[in-house]
Amino acid sequence: AAFDSGRYQEVIADLAPAKMQKFRGRDLRRAMILLGESHERVGRPEEALGIYQLGVKLFPADTMLLTYLAQLQHAAGLEEQAQPLYEKILKMHPDNALAHQGLAEIDHSLGFLDRSAEHYRKALQYLGSRSKLCRDYAEGLLEKRDFTAAEAAIRKALALSADADSFIDLALIRRAQGAGDDALAVLKGIDGADKRVDLRLLLALWQLEAQRYDEARLLVEGLLKEDAHLPLARHIRARLELKAGRKEAAIKDLEAAATSKDAPFVAKVSSKLLEALRAE
């Protein structure tokens with residue numbers, strides 16, 4: 001009752017080690033789950049981890065304790081420890097959705113996109129109402145270059161929750177399919193896009209590549225008025241200056257972008273372009 005009411009410190013106090021020793025069997029298992037979850041809810045993952053590890057030693061075939069332990073290790077980036085636990089869970093219960101989700105995320109991070117997609121597909125059979133899971137699946141399919149399936153997955157995510165991140169993924173997918181105008185329209189239509197620096201930069205870059213130079217310039221000039229040191233904005237404006245035949249102005253922007261510590265990739269690309277211009 002205390003746990004259900006959110007009184008987690010009370011649960012932790014009531015399930016102190018001296019009291020835990022009195023429990024046996026199913027009561028002990030339930031007590032460990034309540035205690036571990038309570039530690040998680042109050043921001044003590046290390047204590048929860050120790051409780052789940054002990055629980056798995058005492059109840060090695062308990063899928064709930066195995067799942068809690070695997071989820072916590074996965075969240076902490078301990079993938080080498082979490083992966084065999086997820087695999088053990090699936091050997092006992094092949095339809096365990098959380099284990100499939102965990103393995104999908106691990107395989108995705110390691111670049112095993114086919115395996116990841118299969119685990120996502122199985123997880124979604126039971127967790128299909130989770131918008132973020134649909135979005136993660138779509139992102140894996142995009143990397144896999146399965147654009148049709150990726151679009152279907154991201155549109156399902158949007159049907160569940162029309163959030164900006166899912167719209168960005170839809171724009172990336174449409175662009176990968178060669179529908180550049182659609183991708184630009186999706187970006188422009190995101191609520192609050194005109195307030196987000198990252199979206200305005202992305203839109204300016206895509207407009208530059210679509211040869212919509214006036215629109216791209218309008219965006220980057222606005223961004224640089226707000227922050228004259230934005231490396232990507234300086235790089236985009238440099239390319240616009242080159243298109244307009246203003247080489248010296250381009251060099252000035254590239255020099256600023258090439259010295260950026262905050263955007264190493266933009267700095268590297270700008271430096272290479274600067275070298276090429278100076279060599280002409």
# chains A, B, ... in the order shown; residues from 1 in each chain; ligands from 1

call {"tool": "residues_around", "arguments": {"residues": "Leu184 of chain A", "least_positions_apart": "6", "cutoff": "8 Å", "atoms": "only C-alpha atoms", "output": "MDAnalysis selection string"}}
result
chainID A and resid 171 203 206:207

call {"tool": "select_by_dssp", "arguments": {"residues": "segment 30-271 of chain A", "states": "helix (DSSP H, G or I)", "output": "PyMOL selection string"}}
result
chain A and resi 30-41+45-58+63-75+79-92+97-110+113-127+131-143+147-160+164-176+180-188+193-195+197-209+213-226+231-243+247-258+264-271

call {"tool": "closest_atom_pairs", "arguments": {"of": "segment 66-176 of chain A", "to": "segment 27-49 of chain A", "cutoff": "12 Å", "atoms": "only C-alpha atoms", "output": "tab-separated table"}}
result
residue	atom	partner	partner_atom	distance
A:Leu66	CA	A:Ile33	CA	10.7
A:Thr67	CA	A:Ile33	CA	10.9
A:Tyr68	CA	A:Ile33	CA	8.3
A:Leu69	CA	A:Leu49	CA	6.5
A:Ala70	CA	A:Leu49	CA	9.5
A:Gln71	CA	A:Leu49	CA	10.0
A:Leu72	CA	A:Leu49	CA	6.9
A:Gln73	CA	A:Leu49	CA	7.8
A:His74	CA	A:Leu49	CA	11.3
A:Ala75	CA	A:Pro45	CA	9.8
A:Ala76	CA	A:Pro45	CA	8.9
A:Leu78	CA	A:Leu49	CA	11.6
A:Ala82	CA	A:Leu49	CA	11.8

call {"tool": "closest_residue", "arguments": {"among": "A:Glu139, A:Ala210, A:Arg26, A:Gly192", "to": "Leu172 of chain A", "atoms": "only C-alpha atoms"}}
result
A:Glu139

call {"tool": "atom_distance", "arguments": {"atom1": "atom CA of Ile173 of chain A", "atom2": "atom CA of Ile190 of chain A"}}
result
15.3 Å

call {"tool": "residues_around", "arguments": {"residues": "segment 242-248 of chain A", "least_positions_apart": "3", "cutoff": "10 Å", "atoms": "only C-alpha atoms", "output": "ChimeraX atom specification"}}
result
/A:208,211,213,236-239,251-254,277-278

call {"tool": "closest_residue", "arguments": {"among": "A:Arg212, A:His100, A:Lys132, A:Lys272", "to": "His119 of chain A", "atoms": "only C-alpha atoms"}}
result
A:His100

call {"tool": "closest_residue", "arguments": {"among": "A:Ala176, A:Ala157, A:Glu241, A:His93", "to": "Ala216 of chain A", "atoms": "only C-alpha atoms"}}
result
A:Glu241

call {"tool": "residues_around", "arguments": {"residues": "segment 60-63 of chain A", "least_positions_apart": "6", "cutoff": "10 Å", "atoms": "only C-alpha atoms", "output": "JSON, numbers by chain"}}
result
{"A": [29, 53, 54, 69, 85, 86, 88, 89, 90, 92, 93, 96, 99]}

call {"tool": "closest_residue", "arguments": {"among": "A:Leu218, A:Met20, A:Ala179, A:Leu232", "to": "Ala257 of chain A", "atoms": "only C-alpha atoms"}}
result
A:Leu232

call {"tool": "atom_distance", "arguments": {"atom1": "atom CA of Asp181 of chain A", "atom2": "atom CA of Leu202 of chain A"}}
result
13.8 Å

call {"tool": "closest_residue", "arguments": {"among": "A:Ala233, A:Leu110, A:Ala204, A:Ala249", "to": "Val266 of chain A", "atoms": "only C-alpha atoms"}}
result
A:Ala233

call {"tool": "closest_residue", "arguments": {"among": "A:Phe59, A:Gln177, A:Tyr126, A:Ala164", "to": "Glu151 of chain A", "atoms": "only C-alpha atoms"}}
result
A:Gln177
